[in-house]
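**Q** My structure is in coords.cif, and what it holds is mmCIF, C-alpha atoms and all ligand atoms:
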```
data_input
#
loop_
_atom_site.group_PDB
_atom_site.id
_atom_site.type_symbol
_atom_site.label_atom_id
_atom_site.label_comp_id
_atom_site.auth_asym_id
_atom_site.auth_seq_id
_atom_site.Cartn_x
_atom_site.Cartn_y
_atom_site.Cartn_z
ATOM 1 C CA MET A 1 87.581 106.104 79.729
ATOM 2 C CA THR A 2 87.359 104.859 76.178
ATOM 3 C CA PRO A 3 85.085 107.354 74.437
ATOM 4 C CA LEU A 4 81.465 106.558 75.146
ATOM 5 C CA PRO A 5 79.125 106.213 72.196
ATOM 6 C CA ALA A 6 77.520 109.478 71.194
ATOM 7 C CA ARG A 7 73.949 108.369 70.732
ATOM 8 C CA PRO A 8 72.037 110.414 68.190
ATOM 9 C CA ALA A 9 70.204 113.343 69.720
ATOM 10 C CA GLU A 10 66.758 112.466 71.030
ATOM 11 C CA ARG A 11 63.898 114.812 71.760
ATOM 12 C CA PRO A 12 65.200 116.924 74.663
ATOM 13 C CA GLY A 13 63.321 117.227 77.916
ATOM 14 C CA ARG A 14 62.310 115.305 81.011
ATOM 15 C CA GLY A 15 60.604 111.957 80.789
ATOM 16 C CA ARG A 16 59.565 108.952 82.798
ATOM 17 C CA PHE A 17 58.927 105.271 82.243
ATOM 18 C CA THR A 18 58.648 102.125 84.302
ATOM 19 C CA ILE A 19 60.256 98.718 83.951
ATOM 20 C CA PRO A 20 57.630 96.048 84.678
ATOM 21 C CA VAL A 21 58.688 93.264 87.062
ATOM 22 C CA SER A 22 55.647 91.264 88.083
ATOM 23 C CA THR A 23 52.162 91.252 89.572
ATOM 24 C CA LEU A 24 52.147 90.980 93.361
ATOM 25 C CA ALA A 25 49.876 88.539 95.223
ATOM 26 C CA SER A 26 47.506 91.418 95.923
ATOM 27 C CA GLY A 27 47.214 92.093 92.213
ATOM 28 C CA TYR A 28 49.233 95.303 92.388
ATOM 29 C CA PRO A 29 51.778 95.682 89.599
ATOM 30 C CA LEU A 30 55.420 95.822 90.645
ATOM 31 C CA ALA A 31 57.418 98.089 88.353
ATOM 32 C CA ILE A 32 60.649 100.052 88.703
ATOM 33 C CA PRO A 33 60.425 103.783 87.952
ATOM 34 C CA VAL A 34 63.005 105.509 85.739
ATOM 35 C CA LEU A 35 63.282 109.285 85.276
ATOM 36 C CA THR A 36 65.085 110.592 82.208
ATOM 37 C CA ILE A 37 66.718 113.916 81.459
ATOM 38 C CA THR A 38 67.540 114.149 77.764
ATOM 39 C CA GLY A 39 69.767 116.772 76.206
ATOM 40 C CA ALA A 40 69.497 118.235 72.710
ATOM 41 C CA ARG A 41 73.037 117.273 71.719
ATOM 42 C CA PRO A 42 74.325 113.757 71.027
ATOM 43 C CA GLY A 43 76.179 112.083 73.882
ATOM 44 C CA PRO A 44 76.272 109.075 76.158
ATOM 45 C CA ARG A 45 73.387 107.680 78.177
ATOM 46 C CA VAL A 46 74.504 107.704 81.796
ATOM 47 C CA GLY A 47 72.639 105.469 84.246
ATOM 48 C CA LEU A 48 72.367 106.092 87.985
ATOM 49 C CA SER A 49 70.671 103.564 90.253
ATOM 50 C CA ALA A 50 69.803 103.866 93.933
ATOM 51 C CA MET A 51 68.100 101.859 96.665
ATOM 52 C CA ILE A 52 68.930 98.376 95.476
ATOM 53 C CA HIS A 53 69.092 98.057 99.261
ATOM 54 C CA GLY A 54 65.915 99.482 100.800
ATOM 55 C CA ASP A 55 67.601 100.958 103.899
ATOM 56 C CA GLU A 56 69.953 103.186 101.896
ATOM 57 C CA ILE A 57 67.984 106.323 101.094
ATOM 58 C CA GLU A 58 70.965 108.561 100.262
ATOM 59 C CA GLY A 59 71.077 107.657 96.560
ATOM 60 C CA LEU A 60 67.402 108.546 96.257
ATOM 61 C CA LEU A 61 68.108 111.957 97.815
ATOM 62 C CA ILE A 62 71.021 112.488 95.421
ATOM 63 C CA ALA A 63 68.880 111.446 92.423
ATOM 64 C CA ARG A 64 66.196 113.933 93.493
ATOM 65 C CA GLU A 65 68.707 116.801 93.589
ATOM 66 C CA LEU A 66 70.080 115.825 90.172
ATOM 67 C CA TRP A 67 66.533 115.749 88.776
ATOM 68 C CA ARG A 68 65.862 119.210 90.204
ATOM 69 C CA THR A 69 69.105 120.851 89.118
ATOM 70 C CA ILE A 70 70.250 119.387 85.788
ATOM 71 C CA GLU A 71 68.630 121.106 82.820
ATOM 72 C CA PRO A 72 68.095 119.191 79.580
ATOM 73 C CA ALA A 73 69.689 122.100 77.695
ATOM 74 C CA ASP A 74 72.964 121.545 79.575
ATOM 75 C CA LEU A 75 73.193 117.864 78.738
ATOM 76 C CA ALA A 76 74.822 115.995 75.865
ATOM 77 C CA GLY A 77 73.150 112.599 75.696
ATOM 78 C CA SER A 78 70.948 111.691 78.622
ATOM 79 C CA LEU A 79 70.825 110.829 82.306
ATOM 80 C CA TRP A 80 68.647 107.929 83.374
ATOM 81 C CA LEU A 81 67.806 107.952 87.077
ATOM 82 C CA MET A 82 66.510 104.866 88.875
ATOM 83 C CA PRO A 83 65.774 106.333 92.325
ATOM 84 C CA VAL A 84 64.159 103.220 93.814
ATOM 85 C CA ALA A 85 65.515 99.970 92.416
ATOM 86 C CA ASN A 86 63.875 97.891 95.150
ATOM 87 C CA PRO A 87 60.498 99.483 96.008
ATOM 88 C CA LEU A 88 59.289 96.770 98.411
ATOM 89 C CA ALA A 89 62.551 96.884 100.377
ATOM 90 C CA MET A 90 62.292 100.667 100.592
ATOM 91 C CA GLU A 91 58.802 100.435 102.066
ATOM 92 C CA MET A 92 60.092 98.212 104.865
ATOM 93 C CA ILE A 93 63.432 100.084 105.348
ATOM 94 C CA SER A 94 65.003 96.688 104.731
ATOM 95 C CA ARG A 95 68.280 95.772 103.044
ATOM 96 C CA ASN A 96 66.647 92.636 101.654
ATOM 97 C CA THR A 97 63.471 92.293 99.595
ATOM 98 C CA PRO A 98 60.690 91.566 102.139
ATOM 99 C CA ILE A 99 58.787 88.945 100.131
ATOM 100 C CA ASP A 100 61.682 86.498 99.728
ATOM 101 C CA MET A 101 64.128 88.157 102.199
ATOM 102 C CA LEU A 102 66.933 87.913 99.650
ATOM 103 C CA ASP A 103 69.662 90.465 99.021
ATOM 104 C CA MET A 104 68.975 91.514 95.442
ATOM 105 C CA ASN A 105 72.552 92.764 95.086
ATOM 106 C CA ARG A 106 73.884 89.208 95.202
ATOM 107 C CA LEU A 107 71.496 87.928 92.510
ATOM 108 C CA PHE A 108 72.337 89.901 89.361
ATOM 109 C CA PRO A 109 71.872 89.368 86.460
ATOM 110 C CA GLY A 110 68.776 87.732 87.917
ATOM 111 C CA ALA A 111 66.407 85.232 86.375
ATOM 112 C CA PRO A 112 62.938 85.712 84.867
ATOM 113 C CA ASP A 113 61.685 82.531 86.544
ATOM 114 C CA GLY A 114 63.520 82.842 89.885
ATOM 115 C CA TRP A 115 62.661 84.325 93.276
ATOM 116 C CA LEU A 116 61.043 87.769 93.176
ATOM 117 C CA SER A 117 64.430 89.420 93.887
ATOM 118 C CA GLU A 118 65.891 87.492 90.957
ATOM 119 C CA GLN A 119 63.018 88.528 88.693
ATOM 120 C CA GLN A 120 63.531 92.127 89.763
ATOM 121 C CA ALA A 121 67.301 91.951 89.154
ATOM 122 C CA HIS A 122 66.579 90.458 85.726
ATOM 123 C CA ALA A 123 64.164 93.276 84.863
ATOM 124 C CA ILE A 124 66.736 95.898 85.973
ATOM 125 C CA THR A 125 69.517 94.222 83.976
ATOM 126 C CA GLN A 126 67.400 94.020 80.820
ATOM 127 C CA GLY A 127 65.601 97.336 81.077
ATOM 128 C CA PHE A 128 68.299 99.541 82.580
ATOM 129 C CA ILE A 129 71.854 98.194 82.853
ATOM 130 C CA ASN A 130 71.809 96.826 79.283
ATOM 131 C CA GLU A 131 70.456 100.147 78.001
ATOM 132 C CA VAL A 132 73.019 102.605 79.409
ATOM 133 C CA ASP A 133 76.592 103.440 78.350
ATOM 134 C CA CYS A 134 78.003 103.762 81.871
ATOM 135 C CA LEU A 135 76.572 103.142 85.327
ATOM 136 C CA ILE A 136 76.818 104.660 88.798
ATOM 137 C CA ASP A 137 75.199 102.542 91.521
ATOM 138 C CA ILE A 138 74.742 104.384 94.817
ATOM 139 C CA HIS A 139 74.803 102.601 98.164
ATOM 140 C CA ALA A 140 75.194 103.709 101.786
ATOM 141 C CA GLY A 141 75.850 102.362 105.262
ATOM 142 C CA GLY A 142 72.225 101.505 106.019
ATOM 143 C CA THR A 143 70.158 102.258 109.111
ATOM 144 C CA PHE A 144 72.953 102.447 111.708
ATOM 145 C CA PRO A 145 76.461 102.594 110.196
ATOM 146 C CA TRP A 146 77.827 105.233 107.837
ATOM 147 C CA VAL A 147 80.395 105.124 105.063
ATOM 148 C CA ASP A 148 82.145 107.363 102.555
ATOM 149 C CA TYR A 149 84.089 105.685 99.745
ATOM 150 C CA CYS A 150 83.907 104.664 96.110
ATOM 151 C CA TYR A 151 84.837 101.413 94.322
ATOM 152 C CA VAL A 152 87.438 101.290 91.573
ATOM 153 C CA LEU A 153 86.283 98.565 89.179
ATOM 154 C CA ASN A 154 86.971 98.960 85.455
ATOM 155 C CA ASP A 155 87.542 102.699 85.004
ATOM 156 C CA GLU A 156 89.788 104.299 87.595
ATOM 157 C CA PRO A 157 89.413 107.961 86.515
ATOM 158 C CA PHE A 158 85.620 107.535 86.400
ATOM 159 C CA SER A 159 85.661 106.377 90.043
ATOM 160 C CA ARG A 160 88.111 109.091 91.071
ATOM 161 C CA ALA A 161 85.827 111.692 89.510
ATOM 162 C CA PHE A 162 83.272 111.049 92.258
ATOM 163 C CA LEU A 163 85.818 112.865 94.463
ATOM 164 C CA SER A 164 85.660 110.548 97.502
ATOM 165 C CA ALA A 165 88.683 110.773 99.793
ATOM 166 C CA LEU A 166 88.706 106.960 99.959
ATOM 167 C CA LEU A 167 88.645 104.514 97.070
ATOM 168 C CA TYR A 168 88.619 100.737 97.172
ATOM 169 C CA LYS A 169 89.849 98.344 94.510
ATOM 170 C CA PRO A 170 88.768 94.847 95.530
ATOM 171 C CA ALA A 171 90.724 91.853 94.240
ATOM 172 C CA THR A 172 87.359 90.370 93.257
ATOM 173 C CA MET A 173 83.934 92.007 93.361
ATOM 174 C CA TYR A 174 81.130 90.265 95.245
ATOM 175 C CA PRO A 175 79.439 87.992 92.712
ATOM 176 C CA GLY A 176 75.882 88.841 91.751
ATOM 177 C CA THR A 177 76.062 92.601 92.221
ATOM 178 C CA SER A 178 74.632 95.076 89.737
ATOM 179 C CA ALA A 179 78.300 95.913 89.130
ATOM 180 C CA ALA A 180 78.870 92.356 87.891
ATOM 181 C CA SER A 181 76.086 92.836 85.303
ATOM 182 C CA ALA A 182 77.607 96.103 84.139
ATOM 183 C CA LEU A 183 81.172 94.745 84.139
ATOM 184 C CA ALA A 184 80.041 91.773 82.051
ATOM 185 C CA ARG A 185 78.899 94.282 79.437
ATOM 186 C CA GLY A 186 82.189 96.133 79.674
ATOM 187 C CA ILE A 187 80.626 99.544 80.334
ATOM 188 C CA PRO A 188 82.364 101.921 82.759
ATOM 189 C CA MET A 189 80.896 101.226 86.144
ATOM 190 C CA THR A 190 81.359 102.315 89.706
ATOM 191 C CA VAL A 191 79.701 101.730 93.051
ATOM 192 C CA VAL A 192 79.453 104.690 95.384
ATOM 193 C CA GLU A 193 79.067 104.216 99.140
ATOM 194 C CA ILE A 194 77.980 107.447 100.818
ATOM 195 C CA GLY A 195 76.242 108.295 104.095
ATOM 196 C CA GLY A 196 73.914 106.290 106.282
ATOM 197 C CA GLY A 197 73.181 106.108 110.005
ATOM 198 C CA TYR A 198 71.060 108.400 112.152
ATOM 199 C CA HIS A 199 72.316 111.817 111.254
ATOM 200 C CA ASP A 200 71.545 114.586 108.804
ATOM 201 C CA GLN A 201 72.447 113.388 105.313
ATOM 202 C CA ALA A 202 72.603 116.899 103.791
ATOM 203 C CA GLU A 203 76.406 116.963 103.571
ATOM 204 C CA HIS A 204 76.456 113.525 101.948
ATOM 205 C CA VAL A 205 73.787 114.564 99.450
ATOM 206 C CA LYS A 206 75.730 117.726 98.590
ATOM 207 C CA ASN A 207 78.940 115.727 98.083
ATOM 208 C CA GLY A 208 77.050 113.078 96.125
ATOM 209 C CA VAL A 209 75.562 115.593 93.705
ATOM 210 C CA ARG A 210 78.938 117.289 93.253
ATOM 211 C CA GLY A 211 80.536 113.904 92.586
ATOM 212 C CA VAL A 212 77.954 112.733 90.062
ATOM 213 C CA VAL A 213 78.031 116.076 88.231
ATOM 214 C CA ASN A 214 81.813 115.714 88.004
ATOM 215 C CA MET A 215 81.404 112.170 86.626
ATOM 216 C CA LEU A 216 78.955 113.502 84.032
ATOM 217 C CA ARG A 217 81.663 115.974 82.969
ATOM 218 C CA TYR A 218 84.163 113.137 82.758
ATOM 219 C CA ALA A 219 81.732 111.083 80.656
ATOM 220 C CA GLY A 220 81.234 114.036 78.309
ATOM 221 C CA ALA A 221 77.577 114.493 79.236
ATOM 222 C CA LEU A 222 78.121 117.894 80.888
ATOM 223 C CA ALA A 223 80.474 120.661 79.814
ATOM 224 C CA GLY A 224 83.167 121.941 82.145
ATOM 225 C CA VAL A 225 86.547 120.976 83.476
ATOM 226 C CA VAL A 226 86.669 117.675 85.378
ATOM 227 C CA GLU A 227 87.501 118.477 88.988
ATOM 228 C CA HIS A 228 90.485 116.593 90.382
ATOM 229 C CA ARG A 229 90.894 115.690 94.044
ATOM 230 C CA ALA A 230 94.508 115.305 95.109
ATOM 231 C CA ARG A 231 95.661 112.777 97.703
ATOM 232 C CA GLN A 232 92.816 110.285 97.354
ATOM 233 C CA LEU A 233 93.657 107.083 99.203
ATOM 234 C CA LEU A 234 93.297 103.758 97.388
ATOM 235 C CA LEU A 235 92.567 100.749 99.610
ATOM 236 C CA HIS A 236 93.200 97.208 98.363
ATOM 237 C CA ASP A 237 92.011 95.322 101.412
ATOM 238 C CA ILE A 238 88.962 96.006 103.570
ATOM 239 C CA ARG A 239 87.932 93.861 106.515
ATOM 240 C CA VAL A 240 84.224 93.692 107.378
ATOM 241 C CA MET A 241 83.980 93.373 111.153
ATOM 242 C CA ARG A 242 80.968 91.344 112.213
ATOM 243 C CA PRO A 243 80.341 90.502 115.874
ATOM 244 C CA ARG A 244 79.832 86.896 116.888
ATOM 245 C CA GLN A 245 77.198 88.003 119.360
ATOM 246 C CA GLY A 246 74.364 90.485 119.134
ATOM 247 C CA GLY A 247 73.177 93.102 121.604
ATOM 248 C CA LEU A 248 74.117 96.751 121.888
ATOM 249 C CA CYS A 249 77.095 97.957 119.922
ATOM 250 C CA VAL A 250 78.643 100.702 122.092
ATOM 251 C CA PRO A 251 81.482 102.495 120.293
ATOM 252 C CA VAL A 252 84.482 103.822 122.189
ATOM 253 C CA ARG A 253 84.290 107.093 120.251
ATOM 254 C CA PRO A 254 82.731 108.456 117.064
ATOM 255 C CA LEU A 255 84.862 107.833 113.975
ATOM 256 C CA VAL A 256 84.883 109.558 110.608
ATOM 257 C CA PRO A 257 85.634 107.461 107.488
ATOM 258 C CA GLY A 258 89.219 108.087 106.404
ATOM 259 C CA THR A 259 90.552 108.320 109.989
ATOM 260 C CA TRP A 260 93.809 106.444 110.556
ATOM 261 C CA ILE A 261 94.163 104.229 113.641
ATOM 262 C CA GLU A 262 97.584 102.796 114.438
ATOM 263 C CA GLY A 263 97.864 99.346 115.988
ATOM 264 C CA SER A 264 95.320 97.273 117.846
ATOM 265 C CA GLN A 265 92.737 99.602 119.397
ATOM 266 C CA PRO A 266 89.283 98.890 120.852
ATOM 267 C CA LEU A 267 86.442 100.136 118.644
ATOM 268 C CA ALA A 268 83.289 99.062 120.458
ATOM 269 C CA ASP A 269 81.876 96.750 123.079
ATOM 270 C CA ILE A 270 79.018 94.391 122.302
ATOM 271 C CA VAL A 271 76.894 94.608 125.438
ATOM 272 C CA SER A 272 74.167 92.199 126.512
ATOM 273 C CA PRO A 273 70.834 94.006 126.841
ATOM 274 C CA GLN A 274 69.860 91.464 129.521
ATOM 275 C CA THR A 275 72.832 91.685 131.894
ATOM 276 C CA PHE A 276 74.788 94.710 130.587
ATOM 277 C CA GLU A 277 77.885 92.505 130.507
ATOM 278 C CA THR A 278 80.351 93.045 127.691
ATOM 279 C CA LEU A 279 80.069 89.970 125.478
ATOM 280 C CA GLU A 280 82.950 90.886 123.206
ATOM 281 C CA THR A 281 85.102 93.835 122.252
ATOM 282 C CA LEU A 282 85.753 94.672 118.622
ATOM 283 C CA THR A 283 89.311 95.819 117.947
ATOM 284 C CA THR A 284 91.077 97.125 114.860
ATOM 285 C CA PRO A 285 92.345 94.204 112.738
ATOM 286 C CA PHE A 286 95.421 95.707 111.024
ATOM 287 C CA GLU A 287 98.757 97.234 112.021
ATOM 288 C CA ARG A 288 97.624 100.414 110.313
ATOM 289 C CA ASN A 289 93.859 100.890 109.969
ATOM 290 C CA VAL A 290 91.752 103.276 107.921
ATOM 291 C CA VAL A 291 88.138 103.687 109.008
ATOM 292 C CA VAL A 292 85.774 102.839 106.150
ATOM 293 C CA LEU A 293 82.453 102.179 107.930
ATOM 294 C CA SER A 294 81.620 103.026 111.527
ATOM 295 C CA ARG A 295 78.845 103.245 114.072
ATOM 296 C CA ASN A 296 78.953 106.474 115.999
ATOM 297 C CA TYR A 297 76.656 105.801 118.943
ATOM 298 C CA ALA A 298 75.067 102.886 120.764
ATOM 299 C CA THR A 299 72.941 100.868 118.355
ATOM 300 C CA ARG A 300 71.261 97.497 118.234
ATOM 301 C CA ILE A 301 73.376 94.925 116.458
ATOM 302 C CA ASN A 302 72.642 91.396 115.286
ATOM 303 C CA PRO A 303 75.293 88.668 115.268
ATOM 304 C CA GLY A 304 77.048 88.805 111.900
ATOM 305 C CA ASP A 305 75.860 92.323 111.111
ATOM 306 C CA TYR A 306 78.075 95.073 109.709
ATOM 307 C CA ALA A 307 79.674 96.659 112.794
ATOM 308 C CA PHE A 308 82.738 98.343 111.301
ATOM 309 C CA MET A 309 84.805 98.152 108.151
ATOM 310 C CA MET A 310 88.521 98.851 108.309
ATOM 311 C CA GLY A 311 90.923 99.290 105.425
ATOM 312 C CA ASP A 312 94.485 97.995 105.594
ATOM 313 C CA GLY A 313 96.608 101.131 105.696
ATOM 314 C CA SER A 314 99.838 99.182 105.098
ATOM 315 C CA THR A 315 98.814 98.096 101.588
ATOM 316 C CA ALA A 316 97.045 101.361 100.666
ATOM 317 C CA SER A 317 98.476 103.820 98.160
ATOM 318 C CA TRP A 318 98.002 107.522 97.558
ATOM 319 C CA TYR A 319 97.039 109.067 94.254
ATOM 320 C CA ASP A 320 98.835 112.285 93.306
HETATM 321 ZN ZN ZN B 1 73.847 98.753 99.510
#
```
Taking this structure as input, can you express it in the form of structure tokens?
Ligand SMILES: [Zn+2]

**A**
Amino acid sequence: MTPLPARPAERPGRGRFTIPVSTLASGYPLAIPVLTITGARPGPRVGLSAMIHGDEIEGLLIARELWRTIEPADLAGSLWLMPVANPLAMEMISRNTPIDMLDMNRLFPGAPDGWLSEQQAHAITQGFINEVDCLIDIHAGGTFPWVDYCYVLNDEPFSRAFLSALLYKPATMYPGTSAASALARGIPMTVVEIGGGYHDQAEHVKNGVRGVVNMLRYAGALAGVVEHRARQLLLHDIRVMRPRQGGLCVPVRPLVPGTWIEGSQPLADIVSPQTFETLETLTTPFERNVVVLSRNYATRINPGDYAFMMGDGSTASWYD
């Protein structure tokens, strides 16, 4: 990481503000909450955003733990937490924003005169992403699948400091993500994918807090030695496996992200809820596969939905 700017010391303590977006049809104001923890010493302003997708609560849980455990006195610079970047989507447990049904994370940097999701993305870009010195955006697997990996985008050690076993360096990032807004500014940026599905998220939250605290050390916002995780696996190619037909997705067996699967193996049957026939069987796509996202029990699935994600083990590399 090129040294982050040491902003002059501000008044230490905990604070809160909102970023106004719009007025809803009902007259209620739509605004994005931001919680701030400010240290007494100069240092960088680290931004952490969560719930750009409203069915990914894990980042909110991680932000809450950070808010509860990080003391202003321990911090150099500040930590800005955006626990709920898409409040309407959170209310509906929906990936997309309910009013326009758009995926906000394909619309950054947004537009002040666009769809509501675009207006919201614009407000977040202006009021948050453009105001921080580095950014961690937390995502998860959503309602049914679960994941555990971290993107490598423009600062490899920053991403590694989250301590995921799996990292992913895409050839090109999806356009319109919050990452694209941050990358355009040239600030260190990473996207974390952690947890999801119907199980206790406590372990993910614990790992998430540990990872973010380690990134804060790396960024110089917290004192202490940066923890190093040996043998992290870097994936260059990930295949999203989407069924052509909907129904029940019935996995062959539960899978943990990071598991290696050799050769072509069945992962799950898509079963018709009307006839109980198997409509299609999803199988591993690569010669050597690394589980990135999985569904661990029978769940409803729509055609085209995220069923599994597999990394290509043949092109992956290990860090020391
Ligand atoms: Zn997401």

**Q** When you count all atoms listed in the file, which of these residues is closest to A:Val152: A:Ile270, A:Val191, A:Val226, A:Ala202?

**A**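 The closest residue to A:Val152 is A:Val191.
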
**Q** Sorted by chain and rising residue number, list the residues of chain A at most 10 Å from ligand ZN 1 (chain B) (counting all atoms listed in the file), each with its closest atom pair and distance in Å to one decimal, as a Markdown table.

**A**
```
| residue | atom | partner | partner_atom | distance |
| --- | --- | --- | --- | --- |
| A:Ala50 | CA | B:ZN1 | ZN | 8.6 |
| A:Met51 | CA | B:ZN1 | ZN | 7.1 |
| A:Ile52 | CA | B:ZN1 | ZN | 6.4 |
| A:His53 | CA | B:ZN1 | ZN | 4.8 |
| A:Gly54 | CA | B:ZN1 | ZN | 8.1 |
| A:Asp55 | CA | B:ZN1 | ZN | 7.9 |
| A:Glu56 | CA | B:ZN1 | ZN | 6.4 |
| A:Ile57 | CA | B:ZN1 | ZN | 9.7 |
| A:Gly59 | CA | B:ZN1 | ZN | 9.8 |
| A:Arg95 | CA | B:ZN1 | ZN | 7.2 |
| A:Asn96 | CA | B:ZN1 | ZN | 9.7 |
| A:Asp103 | CA | B:ZN1 | ZN | 9.3 |
| A:Met104 | CA | B:ZN1 | ZN | 9.6 |
| A:Asn105 | CA | B:ZN1 | ZN | 7.6 |
| A:Asp137 | CA | B:ZN1 | ZN | 8.9 |
| A:Ile138 | CA | B:ZN1 | ZN | 7.4 |
| A:His139 | CA | B:ZN1 | ZN | 4.2 |
| A:Ala140 | CA | B:ZN1 | ZN | 5.6 |
| A:Gly141 | CA | B:ZN1 | ZN | 7.1 |
| A:Gly142 | CA | B:ZN1 | ZN | 7.3 |
| A:Thr177 | CA | B:ZN1 | ZN | 9.8 |
| A:Val191 | CA | B:ZN1 | ZN | 9.2 |
| A:Val192 | CA | B:ZN1 | ZN | 9.1 |
| A:Glu193 | CA | B:ZN1 | ZN | 7.6 |
| A:Ile194 | CA | B:ZN1 | ZN | 9.7 |
```

**Q** Take the residues that were just selected and, keeping C-alpha atoms, output them as a PDB file, in the coordinates of the input.

**A**
```
ATOM      1  CA  ALA A  50      69.803 103.866  93.933  1.00  0.00           C
ATOM      2  CA  MET A  51      68.100 101.859  96.665  1.00  0.00           C
ATOM      3  CA  ILE A  52      68.930  98.376  95.476  1.00  0.00           C
ATOM      4  CA  HIS A  53      69.092  98.057  99.261  1.00  0.00           C
ATOM      5  CA  GLY A  54      65.915  99.482 100.800  1.00  0.00           C
ATOM      6  CA  ASP A  55      67.601 100.958 103.899  1.00  0.00           C
ATOM      7  CA  GLU A  56      69.953 103.186 101.896  1.00  0.00           C
ATOM      8  CA  ILE A  57      67.984 106.323 101.094  1.00  0.00           C
ATOM      9  CA  GLY A  59      71.077 107.657  96.560  1.00  0.00           C
ATOM     10  CA  ARG A  95      68.280  95.772 103.044  1.00  0.00           C
ATOM     11  CA  ASN A  96      66.647  92.636 101.654  1.00  0.00           C
ATOM     12  CA  ASP A 103      69.662  90.465  99.021  1.00  0.00           C
ATOM     13  CA  MET A 104      68.975  91.514  95.442  1.00  0.00           C
ATOM     14  CA  ASN A 105      72.552  92.764  95.086  1.00  0.00           C
ATOM     15  CA  ASP A 137      75.199 102.542  91.521  1.00  0.00           C
ATOM     16  CA  ILE A 138      74.742 104.384  94.817  1.00  0.00           C
ATOM     17  CA  HIS A 139      74.803 102.601  98.164  1.00  0.00           C
ATOM     18  CA  ALA A 140      75.194 103.709 101.786  1.00  0.00           C
ATOM     19  CA  GLY A 141      75.850 102.362 105.262  1.00  0.00           C
ATOM     20  CA  GLY A 142      72.225 101.505 106.019  1.00  0.00           C
ATOM     21  CA  THR A 177      76.062  92.601  92.221  1.00  0.00           C
ATOM     22  CA  VAL A 191      79.701 101.730  93.051  1.00  0.00           C
ATOM     23  CA  VAL A 192      79.453 104.690  95.384  1.00  0.00           C
ATOM     24  CA  GLU A 193      79.067 104.216  99.140  1.00  0.00           C
ATOM     25  CA  ILE A 194      77.980 107.447 100.818  1.00  0.00           C
TER      26      ILE A 194
END
```

**Q** Which residue out of A:Leu255, A:Met241, A:Ala230, A:Ala73 has the minimum interatomic distance to A:Met309 when all atoms listed in the file are used?

**A** A:Met241

**Q** At a cut-off of 10 Å, can you tabulate as a Markdown table every residue of stretch 170-257 of chain A near stretch 1-5 of chain A together with its closest atom pair and the distance in Å to one decimal, using all atoms listed in the file and ordering rows by chain then number?

**A**
```
| residue | atom | partner | partner_atom | distance |
| --- | --- | --- | --- | --- |
| A:Ile187 | CA | A:Leu4 | CA | 8.8 |
| A:Pro188 | CA | A:Met1 | CA | 7.3 |
| A:Tyr218 | CA | A:Met1 | CA | 8.4 |
| A:Ala219 | CA | A:Leu4 | CA | 7.1 |
| A:Gly220 | CA | A:Leu4 | CA | 8.1 |
| A:Ala221 | CA | A:Leu4 | CA | 9.7 |
```

**Q** How many Å separate atom CA of A:Thr299 from atom CA of A:Pro257?

**A**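 Interatomic distance here is 18.0 Å.
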
**Q** Pick out the residues sitting within 12 Å of A:Leu81, and hand them over as a ChimeraX atom specification; count all atoms listed in the file, and ignore anything fewer than 5 positions along from it in its own chain.

**A** /A:14-18,32-38,45-51,59-68,70,128-129,132,135-138,212

**Q** Those selected residues, please, written with C-alpha atoms and delivered as an mmCIF file, in the frame of the given file.

**A**
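Final file, result.cif:
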```
data_model
loop_
_atom_site.group_PDB
_atom_site.id
_atom_site.type_symbol
_atom_site.label_atom_id
_atom_site.label_comp_id
_atom_site.auth_asym_id
_atom_site.auth_seq_id
_atom_site.Cartn_x
_atom_site.Cartn_y
_atom_site.Cartn_z
ATOM 1 C CA ARG A 14 62.310 115.305 81.011
ATOM 2 C CA GLY A 15 60.604 111.957 80.789
ATOM 3 C CA ARG A 16 59.565 108.952 82.798
ATOM 4 C CA PHE A 17 58.927 105.271 82.243
ATOM 5 C CA THR A 18 58.648 102.125 84.302
ATOM 6 C CA ILE A 32 60.649 100.052 88.703
ATOM 7 C CA PRO A 33 60.425 103.783 87.952
ATOM 8 C CA VAL A 34 63.005 105.509 85.739
ATOM 9 C CA LEU A 35 63.282 109.285 85.276
ATOM 10 C CA THR A 36 65.085 110.592 82.208
ATOM 11 C CA ILE A 37 66.718 113.916 81.459
ATOM 12 C CA THR A 38 67.540 114.149 77.764
ATOM 13 C CA ARG A 45 73.387 107.680 78.177
ATOM 14 C CA VAL A 46 74.504 107.704 81.796
ATOM 15 C CA GLY A 47 72.639 105.469 84.246
ATOM 16 C CA LEU A 48 72.367 106.092 87.985
ATOM 17 C CA SER A 49 70.671 103.564 90.253
ATOM 18 C CA ALA A 50 69.803 103.866 93.933
ATOM 19 C CA MET A 51 68.100 101.859 96.665
ATOM 20 C CA GLY A 59 71.077 107.657 96.560
ATOM 21 C CA LEU A 60 67.402 108.546 96.257
ATOM 22 C CA LEU A 61 68.108 111.957 97.815
ATOM 23 C CA ILE A 62 71.021 112.488 95.421
ATOM 24 C CA ALA A 63 68.880 111.446 92.423
ATOM 25 C CA ARG A 64 66.196 113.933 93.493
ATOM 26 C CA GLU A 65 68.707 116.801 93.589
ATOM 27 C CA LEU A 66 70.080 115.825 90.172
ATOM 28 C CA TRP A 67 66.533 115.749 88.776
ATOM 29 C CA ARG A 68 65.862 119.210 90.204
ATOM 30 C CA ILE A 70 70.250 119.387 85.788
ATOM 31 C CA PHE A 128 68.299 99.541 82.580
ATOM 32 C CA ILE A 129 71.854 98.194 82.853
ATOM 33 C CA VAL A 132 73.019 102.605 79.409
ATOM 34 C CA LEU A 135 76.572 103.142 85.327
ATOM 35 C CA ILE A 136 76.818 104.660 88.798
ATOM 36 C CA ASP A 137 75.199 102.542 91.521
ATOM 37 C CA ILE A 138 74.742 104.384 94.817
ATOM 38 C CA VAL A 212 77.954 112.733 90.062
#
```
